[in-house]
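Report on one structure; see the data block that follows.
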Amino acid sequence: PLACPVVALECLAHAGNTGTVTLTASSTTTTLTDPRIGAESVILFMPTTANAKTAAANLYVSARASGSATLTHASSANVDQTFGYCVIG
């Protein structure tokens, strides 16, 4: 229970480490490009549309590198699977 508030405070403490990403329609991967991402970064997601909420159950970060991350997810024709995200570290 304590981890969630601590993580939320970490994101708030580092204003400027957030963004938005929309999953690529009819694909199982999306590349998230952000110069703040590193190989050891933690990336947290918040669905901002109903279709994103549905997609969230199958969304995970399958790879991280300097400046980008690969998001793996179920394929969907929906073009509005949009998430807010926070990069930590």
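Residue numbers start at 1 in each chain; chains themselves are named A, B, ... in the order of the structure tokens; ligands are numbered from 1 in the order shown.
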Alpha helix (DSSP H) call set, DSSP backbone run, chain A, as a ChimeraX atom specification: /A:3-13,50-56
Shell of 7 Å around Ser75 in chain A, only C-alpha atoms, local chain residues under 3 positions omitted, as a list of chain:residue names: A:Ala25, A:Ser26, A:Ser27, A:Thr28
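Near Thr24 in chain A, within 9 Å and counting only C-alpha atoms, sit Ser27, Thr28, Thr29, Thr30, Thr31, Ser75, Ser76, Ala77, Asn78, Val79 and Gln81 of chain A; same-chain residues fewer than 3 positions away were not included.
Nearest residue to Phe83 in chain A among A:Val42, A:Thr33, A:Thr70, A:Thr49 is A:Thr49, counting only C-alpha atoms.
Using only C-alpha atoms, the smallest distance between any of A:Ala56, A:Leu23, A:Cys86, A:Ala65 and Leu44 in chain A comes from A:Cys86.
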Shortest interatomic distance to Thr18 in chain A - which of A:Met46, A:Lys53, A:Ser66, A:Leu71, counting only C-alpha atoms: A:Met46
Nearest to Thr20 in chain A by atom-to-atom distance, counting only C-alpha atoms, from A:Thr82, A:Ala55, A:Ser62, A:Ile88: A:Thr82
Who sits within 8 Å of Val61 in chain A, only C-alpha atoms, same chain under 2 positions skipped, as a VMD selection string: chain A and resid 43 59 63 to 64 69 to 72
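Atom to atom, CA of Gly67 in chain A and CA of Thr54 in chain A stand 27.0 Å apart.
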Atomic distance CA of Asn17 in chain A - CA of Tyr85 in chain A, expressed in Å with one decimal: 8.3 Å
